[in-house]
file final.txt (compact mmCIF, C-alpha atoms and all ligand atoms)
# COMPACT_ATOMS: atom_id res chain seq x y z
CA MET A 1 116.96 104.12 101.46
CA LYS A 2 118.34 100.86 102.78
CA ILE A 3 116.45 98.68 100.30
CA ALA A 4 118.05 100.29 97.23
CA GLY A 5 119.76 98.03 94.71
CA ILE A 6 122.27 98.62 91.94
CA MET A 7 120.75 98.44 88.47
CA ALA A 8 123.01 97.23 85.67
CA GLY A 9 122.50 97.28 81.93
CA ALA A 10 121.58 99.64 79.16
CA SER A 11 118.43 100.85 77.45
CA HIS A 12 115.49 98.50 78.19
CA TYR A 13 117.74 95.77 79.49
CA VAL A 14 118.25 95.86 83.26
CA ARG A 15 119.73 93.43 85.72
CA ALA A 16 119.65 94.18 89.42
CA ALA A 17 122.24 93.59 92.13
CA ALA A 18 119.23 94.10 94.27
CA ARG A 19 119.78 92.66 97.69
CA GLY A 20 121.47 93.83 100.85
CA GLY A 21 121.25 97.56 100.22
CA MET A 22 124.28 97.93 97.96
CA GLY A 23 122.50 100.81 96.22
CA ALA A 24 122.30 102.54 99.60
CA VAL A 25 126.06 102.23 99.95
CA LEU A 26 126.62 103.89 96.58
CA GLY A 27 123.98 106.49 97.35
CA SER A 28 125.66 107.36 100.64
CA LYS A 29 128.77 108.26 98.63
CA ASN A 30 126.73 110.37 96.18
CA LEU A 31 127.74 107.89 93.47
CA LYS A 32 125.01 107.85 90.84
CA ALA A 33 126.43 105.64 88.10
CA ILE A 34 129.47 103.79 86.83
CA VAL A 35 130.02 103.57 83.08
CA VAL A 36 132.34 100.90 81.70
CA ARG A 37 133.75 100.61 78.21
CA GLY A 38 135.99 97.71 77.20
CA THR A 39 138.59 97.81 74.45
CA GLN A 40 140.39 94.49 74.83
CA ARG A 41 139.46 90.83 74.65
CA PRO A 42 140.21 88.44 77.53
CA GLN A 43 143.12 86.04 77.10
CA TYR A 44 142.68 82.29 77.63
CA ALA A 45 145.27 79.74 78.70
CA ASP A 46 143.85 77.33 76.12
CA LYS A 47 141.27 79.05 73.96
CA ASN A 48 140.39 76.05 71.80
CA ALA A 49 139.90 73.77 74.78
CA PHE A 50 137.86 76.47 76.54
CA ARG A 51 135.62 76.94 73.51
CA ALA A 52 135.12 73.20 73.09
CA GLU A 53 134.20 72.89 76.76
CA VAL A 54 131.71 75.76 76.54
CA LYS A 55 130.14 74.26 73.42
CA SER A 56 129.77 70.88 75.06
CA GLN A 57 128.36 72.23 78.32
CA ASN A 58 126.01 74.64 76.55
CA ALA A 59 124.33 71.76 74.74
CA ASP A 60 123.39 70.15 78.07
CA ILE A 61 122.48 73.43 79.75
CA LYS A 62 120.11 74.32 76.92
CA VAL A 63 118.23 71.04 77.35
CA HIS A 64 117.94 71.12 81.14
CA ALA A 65 117.23 74.85 81.49
CA ALA A 66 114.73 74.98 78.61
CA GLY A 67 111.95 76.08 80.99
CA LEU A 68 113.94 79.17 81.97
CA ALA A 69 114.51 79.99 78.31
CA GLU A 70 110.81 79.74 77.54
CA LEU A 71 109.18 81.58 80.43
CA GLY A 72 111.98 82.95 82.60
CA THR A 73 111.93 82.49 86.35
CA ALA A 74 108.29 83.62 86.52
CA GLY A 75 107.36 80.44 84.63
CA GLY A 76 107.85 78.55 87.89
CA ALA A 77 105.29 80.56 89.88
CA GLU A 78 102.41 78.07 89.71
CA THR A 79 104.68 75.16 90.61
CA ALA A 80 106.13 77.13 93.52
CA GLU A 81 102.65 77.86 94.85
CA TRP A 82 101.78 74.15 94.61
CA TYR A 83 104.88 73.13 96.58
CA GLY A 84 104.08 75.72 99.26
CA ASP A 85 107.33 77.46 98.33
CA MET A 86 105.74 80.79 97.37
CA PRO A 87 104.92 82.86 100.46
CA LEU A 88 101.42 84.28 100.52
CA LYS A 89 99.79 87.17 102.37
CA ASN A 90 102.93 88.11 104.32
CA TRP A 91 103.72 84.42 105.00
CA SER A 92 100.36 83.72 106.65
CA ALA A 93 98.40 81.79 103.95
CA GLY A 94 98.96 78.33 102.45
CA SER A 95 97.49 78.44 98.95
CA TRP A 96 96.34 81.00 96.39
CA ASP A 97 94.24 80.56 93.25
CA GLY A 98 95.32 84.00 92.03
CA VAL A 99 98.70 82.61 91.00
CA LYS A 100 97.08 81.28 87.80
CA LYS A 101 96.48 84.89 86.70
CA VAL A 102 100.01 86.17 87.26
CA THR A 103 102.24 83.21 86.40
CA GLY A 104 104.88 83.44 83.67
CA SER A 105 102.82 81.94 80.86
CA VAL A 106 100.04 84.50 81.36
CA LEU A 107 102.45 87.35 81.91
CA TYR A 108 104.55 86.73 78.82
CA ASP A 109 101.63 85.78 76.57
CA ALA A 110 100.24 89.20 77.32
CA PHE A 111 103.26 91.48 77.51
CA LYS A 112 106.50 89.94 76.20
CA THR A 113 108.18 91.91 73.42
CA ARG A 114 111.37 89.81 73.11
CA ASP A 115 113.75 87.43 74.89
CA THR A 116 116.91 88.93 76.37
CA PHE A 117 120.28 87.34 77.11
CA CYS A 118 123.17 88.32 79.33
CA PHE A 119 126.45 88.29 77.38
CA ALA A 120 127.13 84.91 75.74
CA CYS A 121 124.37 83.16 77.72
CA PRO A 122 123.11 79.83 76.33
CA ILE A 123 119.80 80.11 78.23
CA GLY A 124 118.32 83.58 77.84
CA CYS A 125 115.98 83.68 80.82
CA GLY A 126 115.43 87.41 80.33
CA LYS A 127 112.12 88.65 78.93
CA GLU A 128 111.51 92.19 77.86
CA VAL A 129 107.96 93.38 78.51
CA GLU A 130 105.65 96.27 77.88
CA VAL A 131 102.10 96.90 79.03
CA PRO A 132 101.03 98.92 76.00
CA ASP A 133 97.82 100.44 77.28
CA GLY A 134 95.25 100.49 80.04
CA LYS A 135 95.35 101.61 83.63
CA TYR A 136 98.69 99.93 84.40
CA GLN A 137 100.63 100.90 81.28
CA THR A 138 104.43 100.55 81.43
CA PRO A 139 107.31 101.57 79.21
CA ARG A 140 109.26 98.76 77.56
CA GLY A 141 111.62 97.22 80.11
CA GLU A 142 113.01 94.20 81.85
CA GLY A 143 110.62 91.32 82.53
CA VAL A 144 109.10 90.26 85.82
CA GLU A 145 111.08 87.65 87.76
CA TYR A 146 109.64 84.89 89.95
CA GLU A 147 110.52 86.78 93.13
CA THR A 148 108.70 89.86 91.88
CA VAL A 149 105.59 87.91 90.88
CA SER A 150 105.60 86.30 94.33
CA GLY A 151 106.11 89.62 96.11
CA PHE A 152 103.63 91.86 94.34
CA GLY A 153 101.32 88.92 93.55
CA GLY A 154 101.31 86.30 96.30
CA MET A 155 102.59 88.39 99.21
CA ALA A 156 100.36 91.39 98.42
CA GLN A 157 97.52 89.15 97.09
CA VAL A 158 97.25 91.13 93.85
CA ASP A 159 96.15 88.95 90.93
CA ASP A 160 96.18 91.61 88.20
CA VAL A 161 99.13 90.74 85.98
CA ALA A 162 99.40 94.25 84.52
CA ALA A 163 99.57 95.77 88.02
CA VAL A 164 102.31 93.30 89.00
CA THR A 165 104.22 94.20 85.83
CA LEU A 166 103.93 97.90 86.61
CA ALA A 167 105.15 97.26 90.18
CA SER A 168 108.22 95.55 88.75
CA SER A 169 108.80 98.37 86.29
CA LEU A 170 108.52 101.04 89.01
CA CYS A 171 111.05 99.23 91.22
CA ASN A 172 113.49 98.89 88.31
CA ARG A 173 113.19 102.58 87.48
CA PHE A 174 113.46 103.73 91.11
CA GLY A 175 116.36 101.34 91.79
CA LEU A 176 114.49 99.34 94.44
CA ASP A 177 114.98 95.72 95.44
CA THR A 178 111.67 94.11 94.43
CA ILE A 179 111.92 91.47 97.18
CA SER A 180 112.44 93.92 100.02
CA THR A 181 110.00 96.46 98.58
CA SER A 182 107.17 93.96 98.13
CA SER A 183 107.94 92.43 101.50
CA ALA A 184 107.75 95.87 103.12
CA ILE A 185 104.40 96.55 101.45
CA ALA A 186 102.92 93.16 102.47
CA PHE A 187 104.14 93.83 106.02
CA ALA A 188 102.48 97.27 105.92
CA MET A 189 99.25 95.72 104.58
CA GLU A 190 99.14 93.40 107.59
CA ALA A 191 99.93 96.30 109.92
CA PHE A 192 97.12 98.31 108.30
CA GLU A 193 94.59 95.48 108.60
CA LYS A 194 95.60 94.97 112.26
CA GLY A 195 95.12 98.69 112.98
CA ILE A 196 98.79 99.34 113.81
CA ILE A 197 98.89 101.95 111.06
CA SER A 198 95.91 103.81 109.61
CA ARG A 199 94.95 106.00 106.66
CA ALA A 200 96.62 108.85 108.52
CA ASP A 201 99.91 106.98 108.05
CA THR A 202 99.33 105.86 104.46
CA GLY A 203 98.39 109.24 103.05
CA GLY A 204 94.78 108.11 102.78
CA LEU A 205 95.49 104.82 101.03
CA ASP A 206 93.33 101.81 101.85
CA LEU A 207 96.40 99.58 102.17
CA THR A 208 94.59 96.24 102.37
CA PHE A 209 95.75 92.95 100.84
CA GLY A 210 94.73 92.73 97.19
CA ASN A 211 94.47 96.49 96.62
CA ALA A 212 96.65 96.94 93.52
CA ASP A 213 96.30 100.72 93.34
CA ALA A 214 97.35 101.17 96.98
CA MET A 215 100.30 98.81 96.43
CA LEU A 216 101.52 100.81 93.43
CA ALA A 217 101.06 104.12 95.22
CA MET A 218 103.04 102.79 98.19
CA ILE A 219 106.02 101.92 95.94
CA GLU A 220 106.21 105.60 95.04
CA LYS A 221 105.81 106.61 98.68
CA ILE A 222 108.73 104.35 99.59
CA ALA A 223 110.87 105.80 96.80
CA PHE A 224 110.14 109.35 97.92
CA ARG A 225 109.98 108.56 101.67
CA GLN A 226 106.44 109.87 102.02
CA ASP A 227 104.06 108.90 104.85
CA ALA A 228 104.52 105.23 105.90
CA GLY A 229 106.95 104.90 103.00
CA ASP A 230 109.54 106.74 105.08
CA ALA A 231 109.72 103.88 107.59
CA LEU A 232 109.38 101.15 104.95
CA ALA A 233 112.30 102.56 102.93
CA ASP A 234 114.59 101.19 105.64
CA GLY A 235 113.07 97.69 105.53
CA VAL A 236 110.65 95.77 107.72
CA ARG A 237 112.91 95.48 110.78
CA ALA A 238 113.30 99.26 111.04
CA ALA A 239 109.62 99.89 110.27
CA ALA A 240 108.48 97.37 112.90
CA HIS A 241 110.77 98.99 115.45
CA ARG A 242 109.32 102.39 114.63
CA TRP A 243 105.67 101.33 114.62
CA GLY A 244 105.82 98.96 117.65
CA ASN A 245 102.49 97.62 118.94
CA GLY A 246 103.44 94.05 118.13
CA ALA A 247 104.55 94.69 114.53
CA GLU A 248 107.82 92.82 115.17
CA ALA A 249 105.85 89.56 115.25
CA PHE A 250 105.13 89.71 111.52
CA ALA A 251 108.20 91.57 110.24
CA ILE A 252 109.73 88.75 108.21
CA HIS A 253 113.51 89.13 107.99
CA VAL A 254 116.80 87.58 109.12
CA LYS A 255 119.59 89.89 110.26
CA GLY A 256 117.56 92.78 108.87
CA MET A 257 117.18 91.47 105.31
CA GLU A 258 113.69 90.56 104.15
CA ILE A 259 113.33 86.84 103.41
CA PRO A 260 113.17 85.99 99.70
CA TYR A 261 110.32 83.98 98.35
CA HIS A 262 111.22 80.36 99.02
CA ASP A 263 109.42 79.16 102.11
CA PRO A 264 111.66 77.33 104.60
CA ARG A 265 108.56 75.44 105.77
CA ALA A 266 108.38 73.86 102.29
CA PHE A 267 112.09 73.10 101.92
CA ILE A 268 113.61 72.74 105.37
CA SER A 269 117.24 73.14 104.22
CA MET A 270 116.37 76.74 103.44
CA ALA A 271 115.64 77.33 107.14
CA VAL A 272 119.26 76.45 107.91
CA ASN A 273 120.49 78.54 105.01
CA TYR A 274 118.44 81.66 105.82
CA ALA A 275 119.49 81.48 109.47
CA THR A 276 123.19 81.24 108.63
CA ALA A 277 123.58 83.09 105.31
CA ASN A 278 126.09 85.86 105.78
CA ARG A 279 124.14 88.76 104.35
CA GLY A 280 120.92 87.85 106.16
CA ALA A 281 118.07 85.91 104.57
CA CYS A 282 119.57 85.15 101.17
CA HIS A 283 118.44 82.37 98.85
CA LEU A 284 121.40 82.93 96.53
CA GLU A 285 123.91 81.85 99.17
CA SER A 286 122.47 78.32 98.98
CA LEU A 287 119.69 77.70 96.44
CA SER A 288 119.26 74.29 98.08
CA TYR A 289 115.51 74.41 97.42
CA TRP A 290 116.44 73.36 93.88
CA ASN A 291 117.11 69.92 95.36
CA GLY A 292 113.46 69.81 96.45
CA TYR A 293 112.41 70.66 92.90
CA GLY A 294 114.43 67.70 91.63
CA VAL A 295 117.51 69.46 90.20
CA PRO A 296 120.22 66.78 90.46
CA LEU A 297 123.76 67.39 91.71
CA PRO A 298 125.19 63.87 91.49
CA GLU A 299 128.82 64.88 91.97
CA LEU A 300 127.85 65.97 95.50
CA GLY A 301 125.70 62.87 96.00
CA TYR A 302 122.32 64.38 95.21
CA THR A 303 120.49 62.29 92.63
CA GLU A 304 117.11 62.44 94.41
CA PRO A 305 115.44 65.12 96.55
CA VAL A 306 116.17 64.95 100.27
CA PRO A 307 112.70 64.56 101.91
CA PRO A 308 111.92 68.28 102.11
CA HIS A 309 109.61 68.48 105.14
CA GLU A 310 111.73 66.63 107.70
CA SER A 311 114.24 68.39 109.95
CA THR A 312 116.88 65.70 109.49
CA PRO A 313 120.67 66.12 109.64
CA ALA A 314 120.62 65.67 105.85
CA GLN A 315 118.96 69.10 105.57
CA ALA A 316 121.86 70.76 107.39
CA LYS A 317 124.30 68.97 105.08
CA LEU A 318 122.31 70.04 102.03
CA ALA A 319 122.57 73.67 103.16
CA VAL A 320 126.34 73.38 103.74
CA ASP A 321 126.98 71.70 100.38
CA TYR A 322 124.99 74.27 98.42
CA GLN A 323 126.48 77.20 100.35
CA ASP A 324 129.97 75.97 99.53
CA TYR A 325 129.17 75.31 95.86
CA MET A 326 127.33 78.60 95.39
CA GLY A 327 130.08 80.40 97.29
CA ALA A 328 132.38 79.83 94.32
CA PHE A 329 129.97 81.32 91.76
CA ASN A 330 130.01 85.00 92.69
CA PRO A 331 133.78 85.48 92.60
CA LEU A 332 133.87 83.60 89.28
CA GLY A 333 131.19 85.86 87.82
CA LEU A 334 129.12 82.90 86.67
CA CYS A 335 125.33 82.72 86.45
CA LYS A 336 123.94 80.21 88.93
CA PHE A 337 121.30 79.12 86.45
CA ILE A 338 123.86 76.85 84.81
CA VAL A 339 123.31 74.68 87.90
CA LYS A 340 119.66 74.40 86.83
CA GLY A 341 121.21 73.24 83.58
CA HIS A 342 122.86 70.47 85.66
CA ALA A 343 126.38 71.95 85.79
CA GLN A 344 128.41 70.08 88.41
CA PRO A 345 131.54 71.32 90.23
CA ARG A 346 133.70 69.40 87.73
CA ASP A 347 132.12 71.40 84.87
CA VAL A 348 132.92 74.73 86.53
CA VAL A 349 136.44 73.53 87.30
CA ALA A 350 136.98 72.57 83.64
CA LEU A 351 136.06 76.09 82.50
CA VAL A 352 138.36 77.71 85.06
CA ASN A 353 141.27 75.43 84.21
CA HIS A 354 141.02 76.01 80.45
CA ALA A 355 140.64 79.76 80.95
CA LEU A 356 143.42 80.24 83.48
CA GLY A 357 145.73 77.27 83.00
CA TRP A 358 145.11 75.99 86.53
CA GLN A 359 144.95 72.40 87.72
CA TRP A 360 141.98 73.04 90.00
CA THR A 361 139.87 70.14 91.32
CA SER A 362 136.23 69.93 92.41
CA GLU A 363 137.42 69.48 95.99
CA GLU A 364 139.42 72.70 95.78
CA LEU A 365 136.44 74.56 94.32
CA MET A 366 134.23 73.39 97.20
CA ALA A 367 136.93 74.21 99.74
CA THR A 368 137.26 77.70 98.23
CA GLY A 369 133.51 78.24 98.57
CA ALA A 370 133.70 77.08 102.19
CA ARG A 371 136.67 79.38 102.91
CA LEU A 372 134.88 82.38 101.46
CA PHE A 373 131.76 81.58 103.48
CA ARG A 374 133.86 81.29 106.64
CA LEU A 375 135.70 84.52 105.93
CA LYS A 376 132.39 86.38 105.64
CA ARG A 377 131.27 84.77 108.88
CA ARG A 378 134.43 86.08 110.53
CA ILE A 379 133.69 89.58 109.25
CA ASN A 380 130.13 89.39 110.59
CA LEU A 381 131.42 88.25 114.01
CA ARG A 382 133.78 91.21 114.06
CA TYR A 383 130.79 93.52 113.57
CA GLY A 384 128.87 91.96 116.45
CA ILE A 385 126.64 89.50 114.58
CA SER A 386 126.67 86.16 116.39
CA ALA A 387 124.95 82.79 116.66
CA ALA A 388 122.12 84.59 118.46
CA ASP A 389 121.31 86.14 115.07
CA ASP A 390 121.22 82.72 113.35
CA THR A 391 117.48 82.45 113.60
CA LEU A 392 114.19 82.87 111.77
CA PRO A 393 111.17 85.08 112.44
CA VAL A 394 108.80 83.62 115.03
CA ARG A 395 106.07 83.17 112.41
CA LEU A 396 108.19 80.73 110.40
CA LEU A 397 109.14 78.74 113.49
CA THR A 398 105.70 78.51 115.10
CA GLU A 399 102.99 78.99 112.45
CA PRO A 400 102.75 76.22 109.83
CA ARG A 401 101.22 77.00 106.46
CA PRO A 402 97.50 76.38 107.10
CA ASP A 403 96.84 74.46 103.88
CA GLY A 404 98.44 73.36 100.64
CA HIS A 405 101.28 70.93 99.98
CA ALA A 406 103.54 72.17 102.82
CA ALA A 407 100.73 72.39 105.40
CA GLY A 408 101.69 71.53 108.95
CA THR A 409 105.48 71.49 108.59
CA LEU A 410 107.87 73.59 110.66
CA PRO A 411 111.68 73.58 110.81
CA GLN A 412 113.24 72.33 114.05
CA LEU A 413 115.89 74.99 113.77
CA ASP A 414 117.79 74.53 117.05
CA ALA A 415 118.64 70.90 116.29
CA LEU A 416 119.45 71.72 112.67
CA LEU A 417 121.90 74.43 113.74
CA VAL A 418 123.71 72.07 116.12
CA GLU A 419 124.30 69.74 113.17
CA TYR A 420 125.19 72.63 110.87
CA TYR A 421 127.86 74.02 113.22
CA ARG A 422 129.24 70.49 113.66
CA LEU A 423 129.46 69.97 109.89
CA ARG A 424 131.22 73.30 109.49
CA GLY A 425 133.67 72.45 112.26
CA TRP A 426 132.58 75.53 114.24
CA ASP A 427 132.13 75.58 118.00
CA THR A 428 128.72 75.38 119.63
CA ASN A 429 128.48 79.18 119.53
CA GLY A 430 128.77 79.10 115.77
CA THR A 431 132.29 80.51 115.80
CA PRO A 432 134.78 79.14 113.26
CA THR A 433 137.76 77.54 114.97
CA ASP A 434 141.28 77.95 113.64
S1 LIG B 1 123.19 84.62 82.26
FE1 LIG B 1 121.71 83.80 83.73
S2 LIG B 1 120.42 85.58 84.32
FE2 LIG B 1 121.49 86.12 82.39
S3 LIG B 1 120.02 85.54 80.75
FE3 LIG B 1 121.43 83.80 81.09
S4 LIG B 1 120.34 82.46 82.52
FE4 LIG B 1 119.38 84.48 82.63
call {"tool": "encode", "arguments": {"input": "final.txt", "output": "structure tokens"}}
result
Amino acid sequence: MKIAGIMAGASHYVRAAARGGMGAVLGSKNLKAIVVRGTQRPQYADKNAFRAEVKSQNADIKVHAAGLAELGTAGGAETAEWYGDMPLKNWSAGSWDGVKKVTGSVLYDAFKTRDTFCFACPIGCGKEVEVPDGKYQTPRGEGVEYETVSGFGGMAQVDDVAAVTLASSLCNRFGLDTISTSSAIAFAMEAFEKGIISRADTGGLDLTFGNADAMLAMIEKIAFRQDAGDALADGVRAAAHRWGNGAEAFAIHVKGMEIPYHDPRAFISMAVNYATANRGACHLESLSYWNGYGVPLPELGYTEPVPPHESTPAQAKLAVDYQDYMGAFNPLGLCKFIVKGHAQPRDVVALVNHALGWQWTSEELMATGARLFRLKRRINLRYGISAADDTLPVRLLTEPRPDGHAAGTLPQLDALLVEYYRLRGWDTNGTPTD
């Protein structure tokens, strides 16, 4: 299926390279697993200086990312709902009381068995969970991230925290991207309520918003390509195309990838980012919504949030700056949560220089991120993706959230893209010049 991810880890500890269908690529090659065993230690250009730098940065990161250490990403669910950042009911609602029942504090009070850390991490945002008994029992496994709470909670309108935990567990065990899977199910719930699909398509399931049992059954149907799950396994764009009857209007994706759970109507820079991100709607290519939450990035000039509801040129610049900064993280193999811990480009550069003996500067790091972004853009253009694909679903351009903190705001995307292409030095068709 096209919404398959790659699961990494061992035993109960799982991290997911979930997005963009990379699991489908491996699956298409009949590649089931890769096992890695290391026997050597990495060499450092200046080990003592590297260690001292890590120690110093870790002290700051631990202070500023303490919330992630305590309750993981799911700890931010209630705040996200308040900001209007969490999408609800397939992006059609503005607020949701149910978030209080599924947010990180409730989830981990009930089901956490221990904290988990990626190798050498100073934060430890991972939470191992187990639902020990009851209707929605799970084996011990990786915790439930913010995106997963938003998808199987807010998007599907399910406020049973055990059911949301089981949904997460099923996706991890089947190797499914929880964002795309929950998005596909919320899309199918709307299609069901609108009469575009019926019980004949769902295998008898009453696939209405809030029906936890139907949601869980549909995850299995997607994994095994049964009934409506066969169409949903290829994502909402493919399912909408197959079902027709107006379903395209509420299939929420960009370039075929389901939009992650940070509403561009709450943080307008994310509208620019989703429209231009190279692998389709991807929050990780920018993460500029963190600016709206007050995460400072003073080295790039961000000490205060850019007013988040206004489609100003500053929003396009925010998207460019974060895309360039984040563009350096993946090739370095660093966790982006150190930015929540207030790591600036100069901090990343210091680590690289001590490790590799380079004389890198912040400007060179940002320029490298920009070059990588542009290279990916070039590859996309070669495969026929163009500025015409730099857009958002109609719902997010024409239907404001009806209530809540972000009520009434919509991104003025055309004007934002003109500014974005100008800042990037691309032509008016969004094509990088020499
Ligand atoms: S490296 Fe990042 S994802 Fe892994 S536990 Fe630490 S903060 Fe979380």
call {"tool": "residues_around", "arguments": {"input": "final.txt", "residues": "Gly210 of chain A", "least_positions_apart": "5", "cutoff": "6 Å", "atoms": "only C-alpha atoms", "output": "list in words"}}
result
Ala156, Gln157 and Val158 of chain A
call {"tool": "residues_near_point", "arguments": {"input": "final.txt", "point": "(100.1, 96.6, 85.5)", "cutoff": "12 Å", "atoms": "only C-alpha atoms", "output": "mmCIF file with C-alpha atoms, keeping the file's coordinate frame"}}
result
data_model
loop_
_atom_site.group_PDB
_atom_site.id
_atom_site.type_symbol
_atom_site.label_atom_id
_atom_site.label_comp_id
_atom_site.auth_asym_id
_atom_site.auth_seq_id
_atom_site.Cartn_x
_atom_site.Cartn_y
_atom_site.Cartn_z
ATOM 1 C CA VAL A 102 100.010 86.170 87.260
ATOM 2 C CA LEU A 107 102.450 87.350 81.910
ATOM 3 C CA ALA A 110 100.240 89.200 77.320
ATOM 4 C CA PHE A 111 103.260 91.480 77.510
ATOM 5 C CA VAL A 129 107.960 93.380 78.510
ATOM 6 C CA GLU A 130 105.650 96.270 77.880
ATOM 7 C CA VAL A 131 102.100 96.900 79.030
ATOM 8 C CA PRO A 132 101.030 98.920 76.000
ATOM 9 C CA ASP A 133 97.820 100.440 77.280
ATOM 10 C CA GLY A 134 95.250 100.490 80.040
ATOM 11 C CA LYS A 135 95.350 101.610 83.630
ATOM 12 C CA TYR A 136 98.690 99.930 84.400
ATOM 13 C CA GLN A 137 100.630 100.900 81.280
ATOM 14 C CA THR A 138 104.430 100.550 81.430
ATOM 15 C CA PRO A 139 107.310 101.570 79.210
ATOM 16 C CA VAL A 144 109.100 90.260 85.820
ATOM 17 C CA VAL A 149 105.590 87.910 90.880
ATOM 18 C CA PHE A 152 103.630 91.860 94.340
ATOM 19 C CA GLY A 153 101.320 88.920 93.550
ATOM 20 C CA VAL A 158 97.250 91.130 93.850
ATOM 21 C CA ASP A 159 96.150 88.950 90.930
ATOM 22 C CA ASP A 160 96.180 91.610 88.200
ATOM 23 C CA VAL A 161 99.130 90.740 85.980
ATOM 24 C CA ALA A 162 99.400 94.250 84.520
ATOM 25 C CA ALA A 163 99.570 95.770 88.020
ATOM 26 C CA VAL A 164 102.310 93.300 89.000
ATOM 27 C CA THR A 165 104.220 94.200 85.830
ATOM 28 C CA LEU A 166 103.930 97.900 86.610
ATOM 29 C CA ALA A 167 105.150 97.260 90.180
ATOM 30 C CA SER A 168 108.220 95.550 88.750
ATOM 31 C CA SER A 169 108.800 98.370 86.290
ATOM 32 C CA LEU A 170 108.520 101.040 89.010
ATOM 33 C CA ALA A 212 96.650 96.940 93.520
ATOM 34 C CA ASP A 213 96.300 100.720 93.340
ATOM 35 C CA MET A 215 100.300 98.810 96.430
ATOM 36 C CA LEU A 216 101.520 100.810 93.430
#
call {"tool": "residues_around", "arguments": {"input": "final.txt", "residues": "Val254 of chain A", "least_positions_apart": "3", "cutoff": "10 Å", "atoms": "all atoms listed in the file", "output": "NGL selection string"}}
result
:A and (237 or 251 or 257-259 or 274-277 or 279-282 or 389-393)
call {"tool": "closest_atom_pairs", "arguments": {"input": "final.txt", "of": "chain A", "to": "ligand LIG 1 (chain B)", "cutoff": "6 Å", "atoms": "all atoms listed in the file", "output": "tab-separated table"}}
result
residue	atom	partner	partner_atom	distance
A:Phe117	CA	B:LIG1	S3	4.1
A:Cys118	CA	B:LIG1	FE2	4.1
A:Cys121	CA	B:LIG1	FE3	4.5
A:Ile123	CA	B:LIG1	S4	4.9
A:Gly124	CA	B:LIG1	S3	3.9
A:Cys125	CA	B:LIG1	FE4	3.9
A:Gly126	CA	B:LIG1	S3	5.0
A:Cys335	CA	B:LIG1	FE1	4.7
A:Phe337	CA	B:LIG1	S4	5.2
call {"tool": "residues_around", "arguments": {"input": "final.txt", "residues": "Tyr13 of chain A", "least_positions_apart": "6", "cutoff": "8 Å", "atoms": "all atoms listed in the file", "output": "JSON, numbers by chain"}}
result
{"A": [116, 128, 141, 142]}
call {"tool": "atom_distance", "arguments": {"input": "final.txt", "atom1": "atom CA of His241 of chain A", "atom2": "atom CA of Ile196 of chain A"}}
result
12.1 Å
call {"tool": "decode", "arguments": {"input": "final.txt", "residues": "segment 159-195 of chain A", "atoms": "C-alpha atoms", "output": "PDB file, in the first residue's frame"}}
result
ATOM      1  CA  ASP A 159     -12.463  10.468  22.568  1.00  0.00           C
ATOM      2  CA  ASP A 160     -11.689   7.037  24.036  1.00  0.00           C
ATOM      3  CA  VAL A 161      -8.003   7.129  24.930  1.00  0.00           C
ATOM      4  CA  ALA A 162      -7.646   3.336  24.958  1.00  0.00           C
ATOM      5  CA  ALA A 163      -9.120   3.097  21.448  1.00  0.00           C
ATOM      6  CA  VAL A 164      -6.710   5.783  20.213  1.00  0.00           C
ATOM      7  CA  THR A 165      -3.813   3.877  21.803  1.00  0.00           C
ATOM      8  CA  LEU A 166      -4.904   0.659  20.107  1.00  0.00           C
ATOM      9  CA  ALA A 167      -5.164   2.493  16.762  1.00  0.00           C
ATOM     10  CA  SER A 168      -1.573   3.645  17.191  1.00  0.00           C
ATOM     11  CA  SER A 169      -0.436   0.158  18.147  1.00  0.00           C
ATOM     12  CA  LEU A 170      -2.154  -1.424  15.137  1.00  0.00           C
ATOM     13  CA  CYS A 171      -0.519   1.049  12.742  1.00  0.00           C
ATOM     14  CA  ASN A 172       2.907   0.403  14.266  1.00  0.00           C
ATOM     15  CA  ARG A 173       2.465  -3.352  13.953  1.00  0.00           C
ATOM     16  CA  PHE A 174       1.089  -3.197  10.399  1.00  0.00           C
ATOM     17  CA  GLY A 175       3.754  -0.686   9.329  1.00  0.00           C
ATOM     18  CA  LEU A 176       1.270   2.079   8.497  1.00  0.00           C
ATOM     19  CA  ASP A 177       1.803   5.831   8.571  1.00  0.00           C
ATOM     20  CA  THR A 178      -0.558   6.963  11.344  1.00  0.00           C
ATOM     21  CA  ILE A 179      -1.085  10.389   9.731  1.00  0.00           C
ATOM     22  CA  SER A 180      -2.103   9.054   6.337  1.00  0.00           C
ATOM     23  CA  THR A 181      -4.079   6.150   7.808  1.00  0.00           C
ATOM     24  CA  SER A 182      -6.110   8.322  10.185  1.00  0.00           C
ATOM     25  CA  SER A 183      -6.564  10.915   7.468  1.00  0.00           C
ATOM     26  CA  ALA A 184      -7.868   8.232   5.104  1.00  0.00           C
ATOM     27  CA  ILE A 185     -10.315   6.988   7.743  1.00  0.00           C
ATOM     28  CA  ALA A 186     -11.604  10.506   8.565  1.00  0.00           C
ATOM     29  CA  PHE A 187     -12.026  11.090   4.827  1.00  0.00           C
ATOM     30  CA  ALA A 188     -13.959   7.809   4.549  1.00  0.00           C
ATOM     31  CA  MET A 189     -16.123   8.784   7.551  1.00  0.00           C
ATOM     32  CA  GLU A 190     -17.127  11.989   5.772  1.00  0.00           C
ATOM     33  CA  ALA A 191     -17.752  10.056   2.548  1.00  0.00           C
ATOM     34  CA  PHE A 192     -19.913   7.592   4.505  1.00  0.00           C
ATOM     35  CA  GLU A 193     -21.932  10.330   6.206  1.00  0.00           C
ATOM     36  CA  LYS A 194     -22.435  12.064   2.837  1.00  0.00           C
ATOM     37  CA  GLY A 195     -23.666   8.801   1.262  1.00  0.00           C
TER      38      GLY A 195
END
